[in-house]
Structures are given as C-alpha cells and as structure tokens.
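> Please read through the structure below; I'll follow up with questions.
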Amino acid sequence: MSRFGLSAIALAMCTGVAQADQFVQPLISVSRNINIESWEADGGKLTPGCPIHWTIQKHRLHGGKQEGVDLIVLNNGKLEIIVIPTRGMGILSVTCGDVRLGWDSPVKQVVNPAFINLQSRGGLGWLEGFNEWLCRCGLEYNGHPGTDEFINNVGDKATMELTLHGRIENIPASEVELAVDQQPPYRIHVRGRVDERMFYGPKLELRTDLSTEPGSSSFRVEDVVTNHGPSEQEFELLYHTNYGPPLLEEGSTFLAPVTRVTPFNANAAKGLTSYPTYEAPRLGFIEQVYCLYPLTDENGRSVTMLRNRAKNRAVAIKWSPSELPYLTLWKNTAAEKDGYVTGIEPGTNFPYNRRIERGFGRVPKLAAGQSRHVTLDFSILVTPAEVSQAAAEVDAIQGNRKPTIDPSALAVE
Amino acid sequence: MSRFGLSAIALAMCTGVAQADQFVQPLISVSRNINIESWEADGGKLTPGCPIHWTIQKHRLHGGKQEGVDLIVLNNGKLEIIVIPTRGMGILSVTCGDVRLGWDSPVKQVVNPAFINLQSRGGLGWLEGFNEWLCRCGLEYNGHPGTDEFINNVGDKATMELTLHGRIENIPASEVELAVDQQPPYRIHVRGRVDERMFYGPKLELRTDLSTEPGSSSFRVEDVVTNHGPSEQEFELLYHTNYGPPLLEEGSTFLAPVTRVTPFNANAAKGLTSYPTYEAPRLGFIEQVYCLYPLTDENGRSVTMLRNRAKNRAVAIKWSPSELPYLTLWKNTAAEKDGYVTGIEPGTNFPYNRRIERGFGRVPKLAAGQSRHVTLDFSILVTPAEVSQAAAEVDAIQGNRKPTIDPSALAVE
Amino acid sequence: MSRFGLSAIALAMCTGVAQADQFVQPLISVSRNINIESWEADGGKLTPGCPIHWTIQKHRLHGGKQEGVDLIVLNNGKLEIIVIPTRGMGILSVTCGDVRLGWDSPVKQVVNPAFINLQSRGGLGWLEGFNEWLCRCGLEYNGHPGTDEFINNVGDKATMELTLHGRIENIPASEVELAVDQQPPYRIHVRGRVDERMFYGPKLELRTDLSTEPGSSSFRVEDVVTNHGPSEQEFELLYHTNYGPPLLEEGSTFLAPVTRVTPFNANAAKGLTSYPTYEAPRLGFIEQVYCLYPLTDENGRSVTMLRNRAKNRAVAIKWSPSELPYLTLWKNTAAEKDGYVTGIEPGTNFPYNRRIERGFGRVPKLAAGQSRHVTLDFSILVTPAEVSQAAAEVDAIQGNRKPTIDPSALAVE
C-alpha cells in the first residue's frame, strides 16, 4: 500500500507479529488491502503431523441483507465454529454433535451492517441483526438505549442517544487471519481486529483470538480492548452469549456461584425465586434479567453453566471476574417463533444505560494506551460425568456462602 | 449450506416448491447462497413451443448510489418490466410501445438501500430513493412519519418515530426466481421473497409473484403477506403506483367507482371539485391527496384508471377491495423537475401515520401464521376502443350510486 | 442502457462532452453502468510526447469499513494525489517529496458511506469517516448540527435535524473519468459528478475537475454546483482542507490577507491574539475557530498559506472570494492521537448551523438551473524562496489595511 501513500496507516493496522512456529494466513486486511472471498485449508496440509483432521473455510454470503457478509467456518474435528468477521468477529454458532451453542432467532439472515440503522426503533436497531451465539456489546457503551452525556466537538457537554448494546457487533473487522501452531497440540487461532474509532470520540480497538485444539470440545476467546486515544476513556464490554435448544428447554438449569442476585426490574423480581430454572416456551413471556455478582475459586476464576434437563448436556464458561466482574442472566423463554433463548453475559457492567451504570461506578476506564484483557473458556459437555463434574466445580466455589437475594431492582431506567 | 451449520435457516428460507411443468431458475437465494450477477434467457430456449419471442435478463448496476443494485428486465414480447430485487421487489417501470408506467423522479439512480437512512430529514429519508413506478409501502407501517407506540424489549409501551412509507421497499429480496410454465399460454413469473423481521418486532414476510403471458399487454402482481410471529401482528400495505407522462398530462383523467371521497388535508380540500382531472405541470403545486372508498362489481372486484387527454392511452388496475379496501389518489402535478406525478394507491389503509389509522380502525392484523393475499391486475390500453371499454366498466360499477363528497379532512396529522 | 428502458436517465447523467484533443477514459459511470475495479495508465501511453513520466491508477479497497471504496491515485511526476470517488470525490492526500497535504486522523480507514450514519452521536456521525485532506461540506447545508426548518412533503414548514457538514462527502460519485489533454502542457484531469438529490428536496449537483500538469507542484480544483430543481434553492459549500505535520508544527504560521477576524465562540476568543500561530500538540486542547473576511488583489483573488516553522515548506491556496467569500480557520492542535490538525476552509459561509448563517444573510441561493463556479489553486512550496514569495503576495494584498479584530463571537449556537 505504500504506493498509495498509505504506508503510515498500513503500519498502524497490522494485527501483530506472527509467532515463530506458526502458519499465518491473512484473510481480511485493511493494511494489505485484501479480503479473500473464498479460501479453505485443512490439517492435512497445514499440520501434517496432527492426527486429527480439521478444516477451515472462508465464504462470502449472498442474497438479501446477507450480501457481502463474510463467514469463517472452523471445524477442529469435533467442533464447528462459525465466525462472522463482517459482524465484529461475532460467533454465529458452535456445534458439537447434537449440541449447539446458538439459538433460533426470528432474524434468519446474517445481516450486513450496511443494512443496519442502530438508531431505528428508538435505538433498538441492533435487534434487526441479532441472531448470533456470541455478540460482543460495546465498546463505548453496551447497555440499553437512552440519553447520556458526552463531550462534543467544541468541548461542550452535549447529550446523545445511546443505542442498544453499542456498535462493535456492527463494525466489520479490519484484520482477520488464521494462525496455526506448527507444534503439538497444533492450536488453531482465528484472530481479528475491530476498530471503534472516530474523530472527537473513542479510539478503541478490539483484538480477538478465538482458538481451539484439534479434536477438542473446548475453545477459548481471548480479547484485548485497547484505548488508542491519548486520554482516559470510558468503555464497556459484555459478552452476550445466547442459547436455545437443546441446552435450553423446560427444566434446564443455570448454575453459577454468586454472592448476590438482583432482579433487573420489577418483572424480573416476579421470577426471582425460580431464577436458575427454565420454563418451556410460553407466548407472551416478558424477558427477565438478573444481575449476578460471581464468586471465584482460589485462582480468581469463576464458572457458570447452562445444563439441560437430563443433565447430560451442558456448556461451561470459565472466566475471571477480575476481568469481567458482573454476570447478567437474560431469560427470554418466549414462544419459539419470538426467540426462545437465554443469555449468559459476563461483562464489565450490567446492561443498564451507561448513565445508570456510571452512577453505580460500573463504567471502567482505560488510561491512554491501556488494555483490558479478557479470557473466556467454553467447554461443551456431552456426558453425565462431564456435566456433573462441572456442576461440582460450581458447587465447590459456592461452598457455604449463601447469596444475598435482593427483592427488587436497584435501578429504574 | 448444511456444511455451514445453517441448514435450519436454509430450510426456512426456500421460496416454495416448484410446480410441475414449470422451469424454475433461482437468481438470488439466501438459502442457496447465490446472487447471480448476470443471467439471461429467452423463450426460444425455455418455451420452444411459444410463438412469441420473450426475454429475461438479470443485471447488476454500478456507480454512485446504484452500486450493487440488481435489476431484472423481463420483456414478454410486448411489455418491458423492470423489477428491482434490491429494493424490495419494487417495479421501476413497465413500458409498452409509447406508453410507460413510471415517472421522471428527481431521483435519477436506483438507490441501494445501504445508502438510505430512513430516519433522515425528520423521517423522510425514503424520498432519497423514490423513483419507482410501483413501490410497496409497509409492512409494519406504511404512512406518514411521526410518533407511534410500540412494545419494547422489556415489555413496556414505548414510542418510536415511524418513518415515511415503512421499510419494505428498502429491504433487499432474500429469494428471487424465474418460473416459466411449460404449457400454453407459457406464463412467465418473477417471484421474490422479502423479509421484514427483527427480534422483539415484526416477523412479516412478503412473497410476490409478478407474472405475464408472452405477447400480452397485461400483467399481474400476486402478493402474500404472512405473519410468521406467534402472536397477532398489525400490518399495513399500500401499493404506491406512480405515473408521469404520457399517461399524466394536462387533461388526463382519473377514473374510479367510489362511494365516498374525502380530502386528506386542507390543501386537498381546495381541489376537491376537480379531483379526478389533472393540470399541466405547475411550479409550486402542493400535493393533493384524496381518500377514496371503492365500489365493486358483482365479483367483488373494482377497477381504476388513469387515462390520457386523447382517451387513447390508459392504464387499468383491477383488484379486490376485500383485500385492499382503501384507495388513495396522490396528485402532485408539480414542475417536471420536481416530479410531475400522480399516485394511484390501493391499500389496507390511508397513508396517515399509523397512530391515526389505528384510531379509525384501519390497521389490520394478522393472526399467528395468517396470510393476506392481494392480487392486482394491470393492463396497458393503447387504443380508443380499449380505453373506452375500460371506462365503461368503471361507469357500470358506479351506476347510479352518487359518491359522498366530504368537504374537509377527517383527520389532522 | 437503452435496453433497460433507462435511456432518459442515462442521457441526463453524462459528465459532459469531451473536448477535442483530449483522451477520455470513463472509470465510474451510472449512465454507462460501469465501475472499473482496477485500471491504470501512464504518460508513456497516453501522452507519448510528454517528457514527464506520470501515472494514474484506480483501485478498490478491501477489509473493514473500507470494503468497496474506490481510490484514484494520480502521480503527475511530482505530486501524488489520491481521490476518493466513493466519498464524494474528496481528496485523501497530496504528497510532494517530504510535504504532505493531509493529516493523521484517529480514523484510519477510508470509510464506505454505507457504514456511516450521519445522524449518530447527535448529528456528528460524519466524524466517523473524517480523515481526508480535502472534504467538501454541503451541499444543502454544511455547518454544525442542530434544528433548522424546511418545507416537508405536504408543503408545511417542518423541522429537521441538520447533520454536521452535510451529506456530499458521503455520497458516492455517479460519474468519474480521466481526461488528458493531447497537446502540451498535457494537463491531466480527474473529473467527477456527485448528485445530492431527493424527492421533495434539493436537486443539487457537484461537478468537480481536479487537474494538474505533468511535473508541476501545483494543481487546481474547479467545481461547479448546479441547482437542477425548478425553484430557487439554498445551498452551502465549504472546502474543509486539513493539515497535520509537516506543515503543521509548533511555530507554523497561518497567513491570509483579511479585513476582519471574529472568534467563532468564547473558547476561540481566548486565543485571539495568537490566532495565526500554532502550538505543539497539547492534550486537551479544545478547537479554536476563527471567522475571517478575506481581502483580494486587483484581480479579485485572495491567497492564504500554511507555512512551517523553518519557512521552507508551505501550501498556498488561491481563490476568488467572489466565489467563496468567507474563510474559516480551524485550529485543533490537540494531542497527536486525537488528531493534531488545522483546517483552512474557504466557503460560502461560516460553519455555524444553517439557521444561524441564514440570519446573517450568508446562505446563498441558486436560481433554477443556475450554477456557482469555484476555482481553487493549490501550490506546494518547497524552498525558502518559493515560500517567501508567496508570503510577499499575502503581504501585498494586506498592505496597510489593518484588520478589525472582534473581541468576541457574533453568534451563539
């Protein structure tokens, strides 16, 4: 790109230096001016010594609001993981045999952000593209729509209407690459960078590294959010992971070691006593959201689970509350056609409007150049033994500590 | 797509099962992940037994705000019909010899919805792409901008700013196909599906089948709107068909059998006595809109016409008021460069803001899974005999029934 | 395109008739339905008699929010000029040896307008794509966001929220061509047309001709704005040219012959006495804007400069205040990562909200069919002699005329 006079920009945009002993394949790159439309590779070619057959494909979607959306499909031999570079490196679904991390949204297409207006419907435009298993909410703000203050271009306090869940999920990734370790266990990485930048506004960057080992039923999401501005910068980040059947069903259970449970609003308060269990789909069910304060093990890690009724299928999420201190549980056991779904959402905050979160001291800041690291480990559990072992970990962290249950919401939007 | 783990989505998206004895060619398909950039066929190949030479082409437009817009050009041997899949299966124009259904909008490009912000200009952003002969207005709402209520994501009543004429014309079609009957009269169909879906919002689907016979000067638009949500759903649908020269000129006449005529507002009331006739282009003309209640024949069909001054060219529209009970006449005989145009608009309602229409009981609902069928037959009439015969049909329906003429508008926006 | 029934549109859209003795190459054309993805040529081929080697390339950008953006890179043998057809024919940068017209915006990508929502952030969405050296602001309005009146579709006065700096920079060009004179001095032209049109709104057209001679360190921007509507039409146009290092540095000087200087607001008033000189980057610097009334030479031309501290590098801009009577100086010597930049902005007005500008009589109108011509000559000066000669021209125009310095702003937003 230097011939375009853009070398300064190009240098600023590289995803990072490849590690030794890694095969690295750029797939999308602003700095190299590429977006490979169709590409595939497999373990036979890239990791000949690896006994597990794995594959990766990049495709472009066509038709309707999908036109121009890129997908990356990684199959590690056990898991099929679909990443959406065009939607901020969100993850559409992860499947492992008969278990799927994901849900059946009424939104059936993988929507190109070019067709999304986040401000529509009173700031709820984000919902026109919402169907991923894992959506990041953020980076400047990540909660409910509504008025908040900001500093405008003449240095004055002004107000703006925040839009639901922020912008990061509707920003196409600038740099995306496959990286594969050349030594056992041949870990496979899908890395991306998403830039949330503007003049007179945030200069925030998300770097994400989704990785898994061939043949594993676990995978890791390692994210780094960096403030590239020269001043302290507020930010918010929440991992909106969403589950429908088969993990969500009547009798499914949510498990988490917590010190406190607070209903998000009056409607959630009505379901407080049975908050960890799920009903069958019910027409007219109004979402119930719970604010949870996770407990940790001796290493500072917490674990939360969604477990099916038969207790033979589950997902376990492990992360550090020092990175993401708040856990939001979203129960939306509405009719199937409205989206029968529950969200398990570790975050820097609860998803109230940022104005409210700031009042509670839950809006973190990054100093100039500072980064926040987040590591989330997901495991799909497919036997009663695996499921019960993970549940035992939850129990072990909870121990005898009885959570405080707040009878009513602490904030009103 | 099953290898993408999207098979469930794919299955939900197929346009429908092909009928026996039809040649079917998918052109755009979310479920098959295709959008054929350029394609053409003709009757010699697809209907060798048909004596009329007909052609169909799919093209992609380039440059300006047209970038990426798809067009389908169907020439049945007599009519050239241009369909815009990217703009909700709207119809740009229909030409038959020296007659054109269409108009000369100041908007000269066929605008990709990616460049449209429906909320701009106080909710009038729709006008930045408005130049089709047939625009559908809807599906959630189809009238003037302004505040209305809706139920938000926490189950509360909230307000949103509706945008002019709704979203359907700015949603790219998900599935588009050509279907050709293999038996006489070798009817040619251009079918499409447009999805207006969101989470916590409508799950409405438009299926449209535009069809004509080789050599005919008539064509049919058969639409089905379906509520795929699990609850009763309001909807609005209006066919905004727009005409400039040659059918619109000084001395042109609008004909329709009606039981009642109401001016839309005070400005329309001023032109009430001459509402069915047209002036020459006049700078500064302010639109005049009339709300009409159509009469029907013994089969429940109504007919309306736009006839040129010499009474030797006209368009006739036949439809069932049981499907679209209200007829709006939009007179905008402004300067040519502002858009000299009249709209003949059968609809489920008049184009007031939905809030007003609801108050009059004119916002229909669809039960879960329910569909509304609409069939509109258009004929281009090119001889005095054809024109006078159609006018006689209008007269026959009107008979001795004198319409009520309301002196003033019944609603104020 | 006549086979598409679009011939009337096509005819209306041609960029213009080529002059004799010019090589003309269309690159993007709505009327011809082309957007050539990649193209290049050079002087050896197009101007074999020209002793200077020059090149031109058209590229498409990929990745992130750049997806689908077109760039034209013209190298005249001395200058490299990068034009962005997709962003209203804005100019990303001009480089000449170690001098660059341009700046280091925190926005690193050349953003496709499909990803811009001008209404976001209280009407500041324009700032999400702001990184060009030359941005045109306009055409319907070009100043600060805020409420203004307009006439809506029913002829009533209504209000709309104007968005920062208008729409023209976020409208993809409809027609772009290269034109090269076949006779000495073999002037090279990059021409484009950008349409700002809507129904019930402006029908404004920008035609721009960027031209330079092989081997020259100067270039010209000749623009014509035309009102294609049938009525008088307000318009606003401002050339937001932006400079970072090397021309901007501590001790750089802004030079212009002026009759009057008025601070834009109270913050600018604080810096009034040192308004023509620049500080080093400073975190937290709040923009200071000055409204200047330029003086002219005997030919009605004015000149303004930005000169580096060593007085051996500068840019000089010459134009006619009869075309652009007002000159805005934007000083934003903020931290480098926030965008260390100054804007020199000749315009039809100052960049207050149009409502305020109208009150001061600074919103011009174009009669039906009328055009406003603007010619701006830019020179990059790279020796002390060139720089001092240009400064002498500024001094000569100023002469003994001492400018009025208003102590405070004349308007409050």
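Convention: chains lettered A, B, ... in structure tokens order; per-chain residue numbering from 1; ligands numbered from 1 as shown.
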What are the residues of chain A lining chain C at 8 Å or less? Count only C-alpha atoms, and put the answer as a ChimeraX atom specification.

/A:4-5,9,28-30,33-35,86,113-114,117,119,153-155,159-162,171-175,194,197-200,203,228-231

> With only C-alpha atoms as the counted atoms, please give the residues lying no more than 6 Å from stretch 238-244 of chain B, apart from itself and same-chain residues fewer than 5 positions off, as a PyMOL selection string.

chain B and resi 101-103+133-137+340-347

> Please provide the set of residues having any atom within 10 Å of C:Gln183, restricted to only C-alpha atoms, with same-chain residues fewer than 5 positions apart removed, written as a list in words.

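The residues satisfying every condition are Asp21, Gln22, Thr47, Gly49 and Cys50 of chain C.
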
> I'd like to know which residues of stretch 150-303 of chain A are strand (DSSP E) (by DSSP, run on the backbone); could you write them as an MDAnalysis selection string?

chainID A and resid 150:151 157:162 175:181 188:197 203:212 218:227 233:234 236:243 253:255 258:263 288:294 302:303

> Deliver the residues from the most recent selection as a file, using C-alpha atoms, as an mmCIF file, in the first residue's frame.


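Output contents, as saved in selection15.cif:
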```
data_model
loop_
_atom_site.group_PDB
_atom_site.id
_atom_site.type_symbol
_atom_site.label_atom_id
_atom_site.label_comp_id
_atom_site.auth_asym_id
_atom_site.auth_seq_id
_atom_site.Cartn_x
_atom_site.Cartn_y
_atom_site.Cartn_z
ATOM 1 C CA PHE A 150 -20.669 13.188 26.069
ATOM 2 C CA ILE A 151 -18.192 15.909 25.130
ATOM 3 C CA LYS A 157 -21.137 18.717 27.341
ATOM 4 C CA ALA A 158 -23.800 17.520 24.968
ATOM 5 C CA THR A 159 -26.267 14.684 25.033
ATOM 6 C CA MET A 160 -26.529 11.783 22.681
ATOM 7 C CA GLU A 161 -28.937 8.909 22.388
ATOM 8 C CA LEU A 162 -27.035 5.726 23.112
ATOM 9 C CA GLU A 175 -7.781 -7.521 10.034
ATOM 10 C CA VAL A 176 -8.552 -11.223 10.171
ATOM 11 C CA GLU A 177 -6.109 -14.066 9.990
ATOM 12 C CA LEU A 178 -5.770 -17.754 10.578
ATOM 13 C CA ALA A 179 -2.789 -18.803 12.675
ATOM 14 C CA VAL A 180 -1.889 -22.427 13.328
ATOM 15 C CA ASP A 181 0.745 -23.638 15.719
ATOM 16 C CA ILE A 188 -5.709 -23.193 15.695
ATOM 17 C CA HIS A 189 -6.392 -19.471 16.023
ATOM 18 C CA VAL A 190 -8.830 -17.177 14.245
ATOM 19 C CA ARG A 191 -7.718 -13.662 15.034
ATOM 20 C CA GLY A 192 -9.340 -10.389 14.239
ATOM 21 C CA ARG A 193 -9.190 -6.712 14.909
ATOM 22 C CA VAL A 194 -12.213 -4.441 15.070
ATOM 23 C CA ASP A 195 -11.793 -0.686 15.319
ATOM 24 C CA GLU A 196 -14.296 1.567 17.018
ATOM 25 C CA ARG A 197 -12.808 4.912 16.183
ATOM 26 C CA LYS A 203 -10.254 5.289 19.674
ATOM 27 C CA LEU A 204 -10.950 1.819 20.944
ATOM 28 C CA GLU A 205 -9.675 -1.401 19.458
ATOM 29 C CA LEU A 206 -10.783 -4.960 19.980
ATOM 30 C CA ARG A 207 -8.320 -7.728 19.223
ATOM 31 C CA THR A 208 -9.777 -11.166 19.490
ATOM 32 C CA ASP A 209 -8.156 -14.563 19.313
ATOM 33 C CA LEU A 210 -10.529 -17.491 19.085
ATOM 34 C CA SER A 211 -8.575 -20.719 19.464
ATOM 35 C CA THR A 212 -9.056 -24.391 19.888
ATOM 36 C CA SER A 218 -13.370 -26.699 24.266
ATOM 37 C CA PHE A 219 -12.299 -23.374 22.842
ATOM 38 C CA ARG A 220 -11.047 -20.072 24.118
ATOM 39 C CA VAL A 221 -11.876 -16.462 23.344
ATOM 40 C CA GLU A 222 -9.023 -14.139 24.291
ATOM 41 C CA ASP A 223 -9.800 -10.499 23.737
ATOM 42 C CA VAL A 224 -7.810 -7.350 24.286
ATOM 43 C CA VAL A 225 -9.514 -3.965 24.297
ATOM 44 C CA THR A 226 -7.108 -1.072 23.930
ATOM 45 C CA ASN A 227 -7.591 2.654 24.229
ATOM 46 C CA GLN A 233 -11.514 6.658 28.045
ATOM 47 C CA GLU A 234 -14.634 5.039 29.426
ATOM 48 C CA GLU A 236 -18.000 -1.105 28.397
ATOM 49 C CA LEU A 237 -17.784 -4.711 27.239
ATOM 50 C CA LEU A 238 -20.287 -7.512 27.631
ATOM 51 C CA TYR A 239 -20.325 -10.996 26.106
ATOM 52 C CA HIS A 240 -23.899 -11.670 25.120
ATOM 53 C CA THR A 241 -23.818 -15.480 24.679
ATOM 54 C CA ASN A 242 -27.212 -16.864 23.726
ATOM 55 C CA TYR A 243 -28.672 -20.336 23.949
ATOM 56 C CA THR A 253 -30.774 -25.107 34.834
ATOM 57 C CA PHE A 254 -28.470 -22.160 35.034
ATOM 58 C CA LEU A 255 -25.620 -22.679 37.500
ATOM 59 C CA VAL A 258 -22.733 -15.991 43.205
ATOM 60 C CA THR A 259 -22.622 -13.742 46.186
ATOM 61 C CA ARG A 260 -25.667 -11.732 45.253
ATOM 62 C CA VAL A 261 -28.649 -11.748 42.912
ATOM 63 C CA THR A 262 -30.620 -8.646 41.980
ATOM 64 C CA PRO A 263 -33.543 -8.515 39.619
ATOM 65 C CA GLN A 288 -36.489 -11.457 32.991
ATOM 66 C CA VAL A 289 -32.989 -10.269 33.654
ATOM 67 C CA TYR A 290 -30.902 -10.908 36.757
ATOM 68 C CA CYS A 291 -27.803 -9.081 37.898
ATOM 69 C CA LEU A 292 -25.338 -11.515 39.430
ATOM 70 C CA TYR A 293 -22.120 -10.990 41.377
ATOM 71 C CA PRO A 294 -19.922 -14.035 40.719
ATOM 72 C CA SER A 302 -15.454 -18.342 38.106
ATOM 73 C CA VAL A 303 -17.561 -20.824 36.197
#
```

> Which neighbours of stretch 354-359 of chain C fall inside 7 Å, counting only C-alpha atoms, when residues of the same chain fewer than 6 positions from it are skipped, and could you give them as a PDB file with N, CA and C atoms, in the first residue's frame?


```pdb
ATOM      1  N   TYR C 141     -26.588  21.885   3.179  1.00  0.00           N
ATOM      2  CA  TYR C 141     -26.160  22.580   4.399  1.00  0.00           C
ATOM      3  C   TYR C 141     -24.778  22.064   4.728  1.00  0.00           C
ATOM      4  N   GLY C 143     -22.875  23.140   7.919  1.00  0.00           N
ATOM      5  CA  GLY C 143     -22.324  23.580   9.197  1.00  0.00           C
ATOM      6  C   GLY C 143     -22.587  22.610  10.336  1.00  0.00           C
ATOM      7  N   ASP C 148     -33.175  22.959  12.124  1.00  0.00           N
ATOM      8  CA  ASP C 148     -33.481  24.009  11.163  1.00  0.00           C
ATOM      9  C   ASP C 148     -34.825  23.674  10.528  1.00  0.00           C
TER      10      ASP C 148
END
```

> By how many Å are atom CA of A:Val99 and atom CA of A:Leu247 apart?

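Distance reported for this atom pair: 7.2 Å.
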
> To one decimal place in Å, what is the distance between atom CA of B:Gly88 and atom CA of C:Pro202?

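Here the two named atoms are 25.1 Å from each other.
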
> Provide the atom CA of B:Val83 to atom CA of B:Thr348 distance in Å, to one decimal place.

22.9 Å
